[in-house]
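Structure file input-v5.cif (mmCIF, N, CA and C atoms) is printed below.
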data_upload
#
loop_
_atom_site.label_atom_id
_atom_site.label_comp_id
_atom_site.auth_asym_id
_atom_site.auth_seq_id
_atom_site.Cartn_x
_atom_site.Cartn_y
_atom_site.Cartn_z
N MET Q 1 -17.16 13.45 -0.98
CA MET Q 1 -17.15 12.25 -1.79
C MET Q 1 -15.78 11.57 -1.72
N ILE Q 2 -15.78 10.27 -1.57
CA ILE Q 2 -14.54 9.50 -1.51
C ILE Q 2 -14.08 9.20 -2.94
N HIS Q 3 -12.79 9.41 -3.20
CA HIS Q 3 -12.22 9.09 -4.51
C HIS Q 3 -10.74 8.73 -4.35
N VAL Q 4 -10.19 8.09 -5.39
CA VAL Q 4 -8.77 7.77 -5.39
C VAL Q 4 -8.06 8.70 -6.35
N GLU Q 5 -6.79 8.90 -6.07
CA GLU Q 5 -5.99 9.80 -6.89
C GLU Q 5 -4.58 9.24 -7.03
N PHE Q 6 -4.18 8.94 -8.26
CA PHE Q 6 -2.81 8.52 -8.53
C PHE Q 6 -1.94 9.77 -8.55
N ILE Q 7 -0.83 9.72 -7.83
CA ILE Q 7 0.08 10.86 -7.78
C ILE Q 7 1.29 10.54 -8.65
N THR Q 8 1.51 11.34 -9.67
CA THR Q 8 2.65 11.11 -10.56
C THR Q 8 3.95 11.42 -9.83
N PRO Q 9 4.99 10.65 -10.11
CA PRO Q 9 6.26 10.89 -9.41
C PRO Q 9 6.76 12.33 -9.56
N SER Q 10 6.51 12.96 -10.70
CA SER Q 10 7.01 14.32 -10.89
C SER Q 10 6.30 15.32 -9.97
N SER Q 11 5.09 14.99 -9.52
CA SER Q 11 4.37 15.90 -8.63
C SER Q 11 4.51 15.52 -7.16
N LEU Q 12 5.22 14.43 -6.91
CA LEU Q 12 5.41 13.96 -5.54
C LEU Q 12 6.47 14.76 -4.81
N ASN Q 13 6.18 15.04 -3.57
CA ASN Q 13 7.15 15.75 -2.76
C ASN Q 13 6.80 15.49 -1.30
N TRP Q 14 7.76 15.02 -0.55
CA TRP Q 14 7.52 14.72 0.86
C TRP Q 14 7.02 15.96 1.58
N ASN Q 15 7.53 17.12 1.21
CA ASN Q 15 7.14 18.34 1.91
C ASN Q 15 5.67 18.68 1.70
N THR Q 16 5.08 18.27 0.60
CA THR Q 16 3.68 18.60 0.35
C THR Q 16 2.73 17.51 0.84
N LEU Q 17 3.13 16.25 0.78
CA LEU Q 17 2.24 15.15 1.15
C LEU Q 17 2.70 14.35 2.36
N GLY Q 18 3.98 14.39 2.61
CA GLY Q 18 4.58 13.49 3.59
C GLY Q 18 4.02 13.55 4.98
N SER Q 19 3.83 14.75 5.51
CA SER Q 19 3.36 14.82 6.89
C SER Q 19 1.96 14.26 7.02
N GLN Q 20 1.11 14.49 6.01
CA GLN Q 20 -0.25 13.94 6.07
C GLN Q 20 -0.22 12.41 6.02
N ILE Q 21 0.59 11.87 5.12
CA ILE Q 21 0.68 10.42 4.97
C ILE Q 21 1.29 9.79 6.23
N TYR Q 22 2.36 10.39 6.72
CA TYR Q 22 3.02 9.85 7.90
C TYR Q 22 2.09 9.91 9.12
N ASN Q 23 1.34 10.99 9.26
CA ASN Q 23 0.40 11.09 10.39
C ASN Q 23 -0.66 10.00 10.33
N ILE Q 24 -1.12 9.64 9.15
CA ILE Q 24 -2.08 8.54 9.02
C ILE Q 24 -1.41 7.22 9.44
N GLU Q 25 -0.20 7.00 8.96
CA GLU Q 25 0.57 5.80 9.33
C GLU Q 25 0.65 5.67 10.84
N VAL Q 26 1.07 6.73 11.51
CA VAL Q 26 1.25 6.71 12.97
C VAL Q 26 -0.09 6.55 13.69
N SER Q 27 -1.15 7.16 13.16
CA SER Q 27 -2.45 7.05 13.82
C SER Q 27 -2.97 5.61 13.84
N ILE Q 28 -2.57 4.82 12.87
CA ILE Q 28 -3.02 3.43 12.79
C ILE Q 28 -2.04 2.48 13.48
N PHE Q 29 -0.76 2.64 13.23
CA PHE Q 29 0.22 1.65 13.70
C PHE Q 29 1.02 2.08 14.93
N GLY Q 30 0.93 3.33 15.32
CA GLY Q 30 1.64 3.78 16.52
C GLY Q 30 3.12 3.47 16.47
N GLU Q 31 3.62 2.83 17.52
CA GLU Q 31 5.05 2.52 17.62
C GLU Q 31 5.51 1.52 16.56
N GLU Q 32 4.59 0.81 15.96
CA GLU Q 32 4.95 -0.18 14.93
C GLU Q 32 4.93 0.42 13.52
N SER Q 33 4.80 1.75 13.43
CA SER Q 33 4.78 2.44 12.14
C SER Q 33 6.12 2.29 11.43
N LEU Q 34 6.05 2.42 10.11
CA LEU Q 34 7.29 2.58 9.35
C LEU Q 34 7.95 3.87 9.83
N SER Q 35 9.25 3.95 9.74
CA SER Q 35 9.92 5.17 10.20
C SER Q 35 9.65 6.31 9.22
N GLU Q 36 9.66 7.52 9.76
CA GLU Q 36 9.46 8.69 8.91
C GLU Q 36 10.55 8.77 7.83
N GLU Q 37 11.77 8.44 8.20
CA GLU Q 37 12.88 8.47 7.25
C GLU Q 37 12.65 7.48 6.10
N MET Q 38 12.23 6.26 6.44
CA MET Q 38 11.97 5.26 5.40
C MET Q 38 10.85 5.73 4.48
N MET Q 39 9.76 6.24 5.07
CA MET Q 39 8.64 6.69 4.24
C MET Q 39 9.05 7.87 3.36
N ARG Q 40 9.83 8.79 3.90
CA ARG Q 40 10.31 9.93 3.11
C ARG Q 40 11.14 9.45 1.93
N ASP Q 41 12.06 8.54 2.19
CA ASP Q 41 12.89 8.00 1.10
C ASP Q 41 12.03 7.31 0.05
N ASP Q 42 11.05 6.52 0.51
CA ASP Q 42 10.17 5.80 -0.43
C ASP Q 42 9.35 6.77 -1.27
N ILE Q 43 8.72 7.74 -0.63
CA ILE Q 43 7.84 8.67 -1.34
C ILE Q 43 8.63 9.55 -2.31
N ASN Q 44 9.86 9.86 -1.97
CA ASN Q 44 10.70 10.66 -2.86
C ASN Q 44 11.38 9.85 -3.95
N ASP Q 45 11.24 8.52 -3.91
CA ASP Q 45 11.84 7.66 -4.94
C ASP Q 45 11.14 7.93 -6.27
N PRO Q 46 11.88 8.22 -7.33
CA PRO Q 46 11.24 8.52 -8.62
C PRO Q 46 10.48 7.34 -9.22
N GLU Q 47 10.68 6.13 -8.70
CA GLU Q 47 10.00 4.95 -9.21
C GLU Q 47 8.76 4.56 -8.39
N VAL Q 48 8.44 5.34 -7.36
CA VAL Q 48 7.30 5.01 -6.50
C VAL Q 48 5.99 5.13 -7.28
N THR Q 49 5.05 4.27 -6.94
CA THR Q 49 3.67 4.38 -7.43
C THR Q 49 2.81 4.61 -6.18
N LEU Q 50 2.25 5.81 -6.08
CA LEU Q 50 1.50 6.22 -4.89
C LEU Q 50 0.06 6.53 -5.27
N VAL Q 51 -0.87 5.97 -4.51
CA VAL Q 51 -2.30 6.24 -4.70
C VAL Q 51 -2.86 6.75 -3.38
N LEU Q 52 -3.58 7.86 -3.45
CA LEU Q 52 -4.22 8.43 -2.27
C LEU Q 52 -5.70 8.14 -2.29
N LEU Q 53 -6.26 7.93 -1.12
CA LEU Q 53 -7.71 7.83 -0.94
C LEU Q 53 -8.11 9.15 -0.27
N LYS Q 54 -9.04 9.87 -0.91
CA LYS Q 54 -9.39 11.19 -0.41
C LYS Q 54 -10.88 11.32 -0.18
N LYS Q 55 -11.23 12.08 0.83
CA LYS Q 55 -12.60 12.52 1.04
C LYS Q 55 -12.55 14.01 0.80
N ASP Q 56 -13.19 14.43 -0.26
CA ASP Q 56 -13.05 15.81 -0.73
C ASP Q 56 -11.56 16.05 -0.97
N GLU Q 57 -10.92 16.95 -0.26
CA GLU Q 57 -9.48 17.17 -0.47
C GLU Q 57 -8.61 16.62 0.65
N SER Q 58 -9.22 15.97 1.63
CA SER Q 58 -8.45 15.41 2.75
C SER Q 58 -8.02 13.99 2.44
N ILE Q 59 -6.75 13.68 2.72
CA ILE Q 59 -6.24 12.32 2.55
C ILE Q 59 -6.76 11.47 3.70
N VAL Q 60 -7.43 10.36 3.37
CA VAL Q 60 -7.95 9.45 4.40
C VAL Q 60 -7.34 8.06 4.28
N GLY Q 61 -6.46 7.87 3.31
CA GLY Q 61 -5.78 6.59 3.14
C GLY Q 61 -4.79 6.68 2.00
N PHE Q 62 -3.95 5.66 1.91
CA PHE Q 62 -2.96 5.64 0.83
C PHE Q 62 -2.41 4.23 0.69
N THR Q 63 -1.79 4.00 -0.45
CA THR Q 63 -1.00 2.79 -0.66
C THR Q 63 0.12 3.17 -1.61
N TYR Q 64 1.25 2.46 -1.48
CA TYR Q 64 2.32 2.71 -2.45
C TYR Q 64 3.15 1.45 -2.67
N ALA Q 65 3.78 1.44 -3.85
CA ALA Q 65 4.61 0.32 -4.25
C ALA Q 65 5.91 0.84 -4.87
N LEU Q 66 6.92 0.01 -4.76
CA LEU Q 66 8.23 0.30 -5.34
C LEU Q 66 8.67 -0.89 -6.20
N PRO Q 67 9.53 -0.65 -7.18
CA PRO Q 67 10.02 -1.76 -8.00
C PRO Q 67 10.78 -2.77 -7.15
N GLU Q 68 10.58 -4.05 -7.48
CA GLU Q 68 11.32 -5.11 -6.80
C GLU Q 68 12.34 -5.68 -7.78
N SER Q 69 11.88 -6.34 -8.82
CA SER Q 69 12.77 -6.86 -9.87
C SER Q 69 11.91 -7.42 -10.99
N GLY Q 70 12.43 -7.45 -12.19
CA GLY Q 70 11.82 -8.07 -13.35
C GLY Q 70 10.31 -8.17 -13.40
N GLY Q 71 9.61 -7.06 -13.57
CA GLY Q 71 8.17 -7.10 -13.71
C GLY Q 71 7.41 -7.25 -12.40
N VAL Q 72 8.10 -7.08 -11.28
CA VAL Q 72 7.48 -7.23 -9.96
C VAL Q 72 7.63 -5.92 -9.18
N ALA Q 73 6.51 -5.48 -8.60
CA ALA Q 73 6.53 -4.31 -7.70
C ALA Q 73 6.15 -4.79 -6.30
N ARG Q 74 6.72 -4.16 -5.30
CA ARG Q 74 6.45 -4.52 -3.91
C ARG Q 74 5.54 -3.47 -3.28
N ILE Q 75 4.38 -3.91 -2.81
CA ILE Q 75 3.49 -3.01 -2.08
C ILE Q 75 4.09 -2.85 -0.69
N VAL Q 76 4.50 -1.64 -0.39
CA VAL Q 76 5.18 -1.37 0.87
C VAL Q 76 4.18 -1.10 1.99
N ASP Q 77 3.12 -0.36 1.69
CA ASP Q 77 2.23 0.08 2.75
C ASP Q 77 0.84 0.35 2.18
N THR Q 78 -0.16 0.05 2.96
CA THR Q 78 -1.56 0.37 2.65
C THR Q 78 -2.23 0.72 3.96
N VAL Q 79 -2.75 1.95 4.07
CA VAL Q 79 -3.33 2.41 5.32
C VAL Q 79 -4.57 3.26 5.04
N ILE Q 80 -5.59 3.04 5.84
CA ILE Q 80 -6.82 3.85 5.79
C ILE Q 80 -7.14 4.26 7.23
N ILE Q 81 -7.54 5.52 7.42
CA ILE Q 81 -7.87 5.97 8.78
C ILE Q 81 -9.00 5.13 9.36
N LYS Q 82 -9.00 5.01 10.67
CA LYS Q 82 -9.97 4.14 11.36
C LYS Q 82 -11.42 4.43 10.97
N GLU Q 83 -11.78 5.69 10.85
CA GLU Q 83 -13.17 6.06 10.55
C GLU Q 83 -13.63 5.57 9.19
N ARG Q 84 -12.70 5.24 8.31
CA ARG Q 84 -13.04 4.81 6.94
C ARG Q 84 -12.74 3.33 6.70
N GLN Q 85 -12.25 2.62 7.71
CA GLN Q 85 -11.96 1.19 7.55
C GLN Q 85 -13.25 0.38 7.51
N SER Q 86 -13.17 -0.81 6.92
CA SER Q 86 -14.29 -1.76 6.84
C SER Q 86 -15.46 -1.21 6.04
N LYS Q 87 -15.16 -0.42 5.03
CA LYS Q 87 -16.19 0.14 4.16
C LYS Q 87 -15.93 -0.22 2.69
N GLY Q 88 -15.02 -1.18 2.46
CA GLY Q 88 -14.72 -1.61 1.09
C GLY Q 88 -13.83 -0.65 0.32
N LEU Q 89 -13.24 0.32 1.00
CA LEU Q 89 -12.44 1.33 0.31
C LEU Q 89 -11.08 0.84 -0.12
N ILE Q 90 -10.59 -0.19 0.55
CA ILE Q 90 -9.28 -0.72 0.16
C ILE Q 90 -9.30 -1.23 -1.28
N SER Q 91 -10.45 -1.73 -1.72
CA SER Q 91 -10.57 -2.19 -3.11
C SER Q 91 -10.35 -1.05 -4.09
N MET Q 92 -10.85 0.15 -3.75
CA MET Q 92 -10.63 1.31 -4.61
C MET Q 92 -9.14 1.62 -4.72
N LEU Q 93 -8.47 1.61 -3.59
CA LEU Q 93 -7.03 1.89 -3.57
C LEU Q 93 -6.27 0.86 -4.40
N MET Q 94 -6.55 -0.42 -4.15
CA MET Q 94 -5.78 -1.47 -4.81
C MET Q 94 -6.06 -1.53 -6.31
N THR Q 95 -7.30 -1.30 -6.72
CA THR Q 95 -7.63 -1.30 -8.14
C THR Q 95 -6.85 -0.21 -8.86
N CYS Q 96 -6.82 0.97 -8.28
CA CYS Q 96 -6.07 2.07 -8.88
C CYS Q 96 -4.57 1.78 -8.90
N LEU Q 97 -4.04 1.27 -7.80
CA LEU Q 97 -2.61 0.94 -7.74
C LEU Q 97 -2.26 -0.08 -8.81
N GLU Q 98 -3.05 -1.15 -8.91
CA GLU Q 98 -2.76 -2.19 -9.89
C GLU Q 98 -2.86 -1.66 -11.32
N THR Q 99 -3.82 -0.78 -11.58
CA THR Q 99 -3.95 -0.18 -12.92
C THR Q 99 -2.69 0.60 -13.28
N GLU Q 100 -2.22 1.41 -12.34
CA GLU Q 100 -1.02 2.21 -12.60
C GLU Q 100 0.21 1.32 -12.76
N LEU Q 101 0.32 0.28 -11.96
CA LEU Q 101 1.46 -0.63 -12.08
C LEU Q 101 1.44 -1.36 -13.42
N ARG Q 102 0.27 -1.80 -13.87
CA ARG Q 102 0.16 -2.44 -15.18
C ARG Q 102 0.63 -1.50 -16.28
N LYS Q 103 0.23 -0.23 -16.20
CA LYS Q 103 0.65 0.77 -17.20
C LYS Q 103 2.17 0.90 -17.25
N LYS Q 104 2.81 0.67 -16.11
CA LYS Q 104 4.27 0.76 -16.03
C LYS Q 104 4.95 -0.55 -16.44
N GLY Q 105 4.16 -1.57 -16.77
CA GLY Q 105 4.73 -2.82 -17.24
C GLY Q 105 4.90 -3.91 -16.21
N TYR Q 106 4.39 -3.70 -15.01
CA TYR Q 106 4.50 -4.73 -13.98
C TYR Q 106 3.46 -5.83 -14.22
N GLU Q 107 3.85 -7.06 -13.90
CA GLU Q 107 2.95 -8.21 -14.04
C GLU Q 107 2.53 -8.78 -12.69
N TYR Q 108 3.33 -8.51 -11.66
CA TYR Q 108 3.08 -9.07 -10.33
C TYR Q 108 3.32 -8.02 -9.26
N VAL Q 109 2.66 -8.21 -8.12
CA VAL Q 109 2.98 -7.46 -6.91
C VAL Q 109 3.30 -8.46 -5.82
N THR Q 110 4.16 -8.03 -4.91
CA THR Q 110 4.40 -8.80 -3.69
C THR Q 110 4.04 -7.91 -2.52
N ARG Q 111 3.71 -8.54 -1.43
CA ARG Q 111 3.43 -7.80 -0.21
C ARG Q 111 3.46 -8.76 0.96
N ASP Q 112 3.68 -8.21 2.14
CA ASP Q 112 3.57 -8.96 3.38
C ASP Q 112 2.33 -8.45 4.10
N ALA Q 113 1.66 -9.33 4.82
CA ALA Q 113 0.46 -8.95 5.57
C ALA Q 113 0.48 -9.65 6.92
N MET Q 114 0.00 -8.94 7.92
CA MET Q 114 -0.08 -9.52 9.26
C MET Q 114 -1.09 -10.66 9.27
N VAL Q 115 -0.76 -11.71 9.99
CA VAL Q 115 -1.64 -12.86 10.11
C VAL Q 115 -2.59 -12.70 11.29
N ASP Q 116 -2.07 -12.30 12.44
CA ASP Q 116 -2.86 -12.28 13.67
C ASP Q 116 -4.05 -11.33 13.64
N ASN Q 117 -3.98 -10.26 12.85
CA ASN Q 117 -5.12 -9.32 12.78
C ASN Q 117 -6.11 -9.67 11.67
N GLY Q 118 -5.86 -10.78 10.95
CA GLY Q 118 -6.79 -11.23 9.92
C GLY Q 118 -6.56 -10.65 8.54
N TYR Q 119 -5.61 -9.71 8.41
CA TYR Q 119 -5.39 -9.06 7.11
C TYR Q 119 -4.91 -10.05 6.06
N ALA Q 120 -4.04 -10.96 6.44
CA ALA Q 120 -3.54 -11.96 5.48
C ALA Q 120 -4.69 -12.82 4.95
N ASP Q 121 -5.62 -13.18 5.82
CA ASP Q 121 -6.78 -13.97 5.39
C ASP Q 121 -7.66 -13.19 4.42
N LYS Q 122 -7.82 -11.88 4.64
CA LYS Q 122 -8.60 -11.05 3.72
C LYS Q 122 -7.95 -11.01 2.34
N ILE Q 123 -6.64 -10.89 2.32
CA ILE Q 123 -5.93 -10.89 1.03
C ILE Q 123 -6.13 -12.23 0.34
N THR Q 124 -6.01 -13.30 1.09
CA THR Q 124 -6.21 -14.63 0.51
C THR Q 124 -7.61 -14.76 -0.10
N ARG Q 125 -8.62 -14.31 0.60
CA ARG Q 125 -10.00 -14.37 0.07
C ARG Q 125 -10.17 -13.50 -1.17
N ASN Q 126 -9.68 -12.29 -1.12
CA ASN Q 126 -9.92 -11.34 -2.21
C ASN Q 126 -9.09 -11.60 -3.46
N TYR Q 127 -7.96 -12.24 -3.32
CA TYR Q 127 -7.06 -12.44 -4.46
C TYR Q 127 -6.81 -13.91 -4.77
N SER Q 128 -7.61 -14.80 -4.24
CA SER Q 128 -7.33 -16.24 -4.29
C SER Q 128 -6.98 -16.74 -5.69
N SER Q 129 -7.68 -16.31 -6.70
CA SER Q 129 -7.43 -16.82 -8.05
C SER Q 129 -6.16 -16.23 -8.67
N ARG Q 130 -5.62 -15.17 -8.08
CA ARG Q 130 -4.43 -14.52 -8.65
C ARG Q 130 -3.17 -14.73 -7.83
N ILE Q 131 -3.29 -15.35 -6.66
CA ILE Q 131 -2.11 -15.59 -5.81
C ILE Q 131 -1.30 -16.73 -6.40
N ILE Q 132 -0.02 -16.48 -6.62
CA ILE Q 132 0.82 -17.54 -7.19
C ILE Q 132 1.86 -18.06 -6.20
N GLU Q 133 2.02 -17.35 -5.08
CA GLU Q 133 2.98 -17.83 -4.07
C GLU Q 133 2.63 -17.21 -2.73
N THR Q 134 2.71 -18.02 -1.67
CA THR Q 134 2.57 -17.53 -0.29
C THR Q 134 3.53 -18.28 0.60
N ARG Q 135 3.89 -17.65 1.68
CA ARG Q 135 4.66 -18.32 2.74
C ARG Q 135 4.56 -17.49 4.00
N ASP Q 136 4.44 -18.17 5.11
CA ASP Q 136 4.37 -17.50 6.41
C ASP Q 136 5.77 -17.36 6.98
N PHE Q 137 5.97 -16.30 7.75
CA PHE Q 137 7.26 -16.07 8.40
C PHE Q 137 7.04 -15.17 9.61
N ILE Q 138 8.02 -15.15 10.48
CA ILE Q 138 7.99 -14.25 11.62
C ILE Q 138 8.89 -13.08 11.26
N GLY Q 139 8.30 -11.89 11.25
CA GLY Q 139 9.04 -10.68 10.87
C GLY Q 139 9.06 -9.67 11.99
N GLU Q 140 9.47 -8.48 11.65
CA GLU Q 140 9.60 -7.40 12.62
C GLU Q 140 8.28 -7.07 13.33
N TRP Q 141 7.15 -7.28 12.63
CA TRP Q 141 5.84 -6.98 13.19
C TRP Q 141 5.06 -8.24 13.56
N GLY Q 142 5.77 -9.34 13.84
CA GLY Q 142 5.10 -10.57 14.25
C GLY Q 142 4.89 -11.51 13.07
N LYS Q 143 3.90 -12.40 13.22
CA LYS Q 143 3.62 -13.40 12.19
C LYS Q 143 3.07 -12.69 10.94
N GLN Q 144 3.72 -12.96 9.82
CA GLN Q 144 3.39 -12.33 8.54
C GLN Q 144 3.18 -13.39 7.48
N ARG Q 145 2.50 -13.00 6.42
CA ARG Q 145 2.37 -13.86 5.25
C ARG Q 145 2.82 -13.07 4.03
N TYR Q 146 3.76 -13.66 3.30
CA TYR Q 146 4.23 -13.10 2.03
C TYR Q 146 3.30 -13.55 0.92
N PHE Q 147 2.97 -12.65 0.01
CA PHE Q 147 2.15 -12.96 -1.15
C PHE Q 147 2.85 -12.49 -2.43
N LYS Q 148 2.73 -13.27 -3.47
CA LYS Q 148 3.04 -12.82 -4.82
C LYS Q 148 1.75 -12.98 -5.61
N ILE Q 149 1.28 -11.88 -6.19
CA ILE Q 149 -0.04 -11.83 -6.80
C ILE Q 149 0.08 -11.34 -8.25
N ARG Q 150 -0.60 -12.02 -9.15
CA ARG Q 150 -0.66 -11.60 -10.55
C ARG Q 150 -1.58 -10.39 -10.66
N ILE Q 151 -1.15 -9.37 -11.38
CA ILE Q 151 -2.02 -8.19 -11.53
C ILE Q 151 -2.58 -8.10 -12.94
#
Rewrite the structure of this file - the entire thing - as C-alpha cells.
Amino acid sequence: MIHVEFITPSSLNWNTLGSQIYNIEVSIFGEESLSEEMMRDDINDPEVTLVLLKKDESIVGFTYALPESGGVARIVDTVIIKERQSKGLISMLMTCLETELRKKGYEYVTRDAMVDNGYADKITRNYSSRIIETRDFIGEWGKQRYFKIRI
C-alpha cells in the first residue's frame, strides 16, 4: 500500500535514510542530480521538512523543504521513482508537506520547476488559484520557472 510519512527532524539521519533518498534522486536525474553533499547537508538540517512516499516499507519518492525567510519555505526537491510516476502520487506528497509546513507557521512555499519537461505547466495547472508570483529564468538545469505559492 502506498502512503506518505512525515519524518520529524529529531528522527532524521542521513545514515539511515540518505542513501535511499540519494539513490532515488540519481535514478531519476542522473548527472543532473543534486550533489550528495548538498542533500546530506539539507537532510541533516534541523529545520528541514521531509516527507517520504512509501510502498509498504520501501521509499518510492520524497519531497523536502527548508526555511527561506519570513513565513516562506523553499521546496528543494520532489522525486518519485519512474515506476510510480504519473499516478497522482505527487499530490499525496505535496498535501502532506504543505500540512506540516502550515503547522510550523509557514504561509508560502517557493520552488523552481523545469519548463521543457512540462513540470512547470503541471504546477501552474494544479496550483493556479494559489500562485502569487512566477518568473522564468535560465538556471543550472536549463529553462526554469520560479513559483511562490500560498499554502
### Message
Show me the residues around (-9.6, 3.6, -4.1) - criterion: an atom at most 8 Å away, only N, CA and C atoms counted - as number ranges by chain.
### Response
Q: 2-5, 51-54, 88-97
### Atom-to-atom span, atom CA of Q:Gly139 and atom CA of Q:Thr49, Å
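Between these atoms lies a distance of 24.3 Å.
Residues selected in this file by the PyMOL selection byres ((chain Q and resi 72) around 7) comprise Leu66, Pro67, Glu68, Ser69, Gly70, Gly71, Ala73, Arg74, Gly105, Tyr106, Glu107, Tyr108, Val109 and Thr110 of chain Q.
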Here's the selection I'm unsure about, the PyMOL selection byres ((chain Q and resi 7-19) around 7); applied to the file above, which residues does it give, as a compact mmCIF listing (two decimals) with N, CA and C atoms, in the coordinates of the input?
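Heads up, here's the output in result.txt:
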# COMPACT_ATOMS: atom_id res chain seq x y z
N GLU Q 5 -6.79 8.90 -6.07
CA GLU Q 5 -5.99 9.80 -6.89
C GLU Q 5 -4.58 9.24 -7.03
N PHE Q 6 -4.18 8.94 -8.26
CA PHE Q 6 -2.81 8.52 -8.53
C PHE Q 6 -1.94 9.77 -8.55
N GLN Q 20 1.11 14.49 6.01
CA GLN Q 20 -0.25 13.94 6.07
C GLN Q 20 -0.22 12.41 6.02
N ILE Q 21 0.59 11.87 5.12
CA ILE Q 21 0.68 10.42 4.97
C ILE Q 21 1.29 9.79 6.23
N TYR Q 22 2.36 10.39 6.72
CA TYR Q 22 3.02 9.85 7.90
C TYR Q 22 2.09 9.91 9.12
N ASN Q 23 1.34 10.99 9.26
CA ASN Q 23 0.40 11.09 10.39
C ASN Q 23 -0.66 10.00 10.33
N ILE Q 24 -1.12 9.64 9.15
CA ILE Q 24 -2.08 8.54 9.02
C ILE Q 24 -1.41 7.22 9.44
N ARG Q 40 9.83 8.79 3.90
CA ARG Q 40 10.31 9.93 3.11
C ARG Q 40 11.14 9.45 1.93
N ILE Q 43 8.72 7.74 -0.63
CA ILE Q 43 7.84 8.67 -1.34
C ILE Q 43 8.63 9.55 -2.31
N ASN Q 44 9.86 9.86 -1.97
CA ASN Q 44 10.70 10.66 -2.86
C ASN Q 44 11.38 9.85 -3.95
N ASP Q 45 11.24 8.52 -3.91
CA ASP Q 45 11.84 7.66 -4.94
C ASP Q 45 11.14 7.93 -6.27
N PRO Q 46 11.88 8.22 -7.33
CA PRO Q 46 11.24 8.52 -8.62
C PRO Q 46 10.48 7.34 -9.22
N GLU Q 47 10.68 6.13 -8.70
CA GLU Q 47 10.00 4.95 -9.21
C GLU Q 47 8.76 4.56 -8.39
N VAL Q 48 8.44 5.34 -7.36
CA VAL Q 48 7.30 5.01 -6.50
C VAL Q 48 5.99 5.13 -7.28
N THR Q 49 5.05 4.27 -6.94
CA THR Q 49 3.67 4.38 -7.43
C THR Q 49 2.81 4.61 -6.18
N LEU Q 50 2.25 5.81 -6.08
CA LEU Q 50 1.50 6.22 -4.89
C LEU Q 50 0.06 6.53 -5.27
N VAL Q 51 -0.87 5.97 -4.51
CA VAL Q 51 -2.30 6.24 -4.70
C VAL Q 51 -2.86 6.75 -3.38
N LEU Q 52 -3.58 7.86 -3.45
CA LEU Q 52 -4.22 8.43 -2.27
C LEU Q 52 -5.70 8.14 -2.29
### Residue nearest Q:Met114 - candidates Q:Ser27, Q:Gln144, Q:Ser33, Q:Thr78, atoms counted: all atoms listed in the file
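For Q:Met114, the nearest of the given residues is Q:Gln144.
Taking atom CA of Q:Thr134 and atom CA of Q:Ile75 as the two end points, the separation is 14.7 Å.
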### Nearest residue to Q:Phe62 from the set Q:Glu32, Q:Glu25, Q:Glu98, Q:Glu83 (distances using only C-alpha atoms)
Q:Glu25
### Task
Would you please extract all strand (DSSP E or B) residues from stretch 33-78 of chain Q, as assigned by DSSP on the backbone, and give them as number ranges by chain?
Q: 49-55, 58-69, 72-78
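The space between atom N of Q:Ile149 and atom C of Q:Gly30 spans 27.4 Å.
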### Task
Run DSSP on the backbone and grab whatever in stretch 3-107 of chain Q lands in alpha helix (DSSP H); send it over as a PyMOL selection string.
chain Q and resi 19-29+36-44+89-103
### Query
Which neighbours of Q:Lys148 fall inside 6 Å, counting all atoms listed in the file, when residues of the same chain fewer than 2 positions from it are skipped, and could you give them as a VMD selection string?
chain Q and resid 109 to 111 130 to 134 146 150
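For the residues Q:Asp136, Q:Glu31, Q:Asp42, Q:Ile81, ranking by smallest atom-to-atom distance to Q:Ile59 using only N, CA and C atoms places Q:Ile81 first.
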### Query
Any idea what's packed within 7 Å of Q:Asp77, counting only N, CA and C atoms, ignoring anything in its chain fewer than 6 positions away? Could you give it as a count of residues only?
4
### Task
Write out as a PyMOL selection string each polymer residue whose atoms come within 8 Å of stretch 115-123 of chain Q, counting only C-alpha atoms; drop sequence neighbours fewer than 5 positions from it.
chain Q and resi 128+143-145
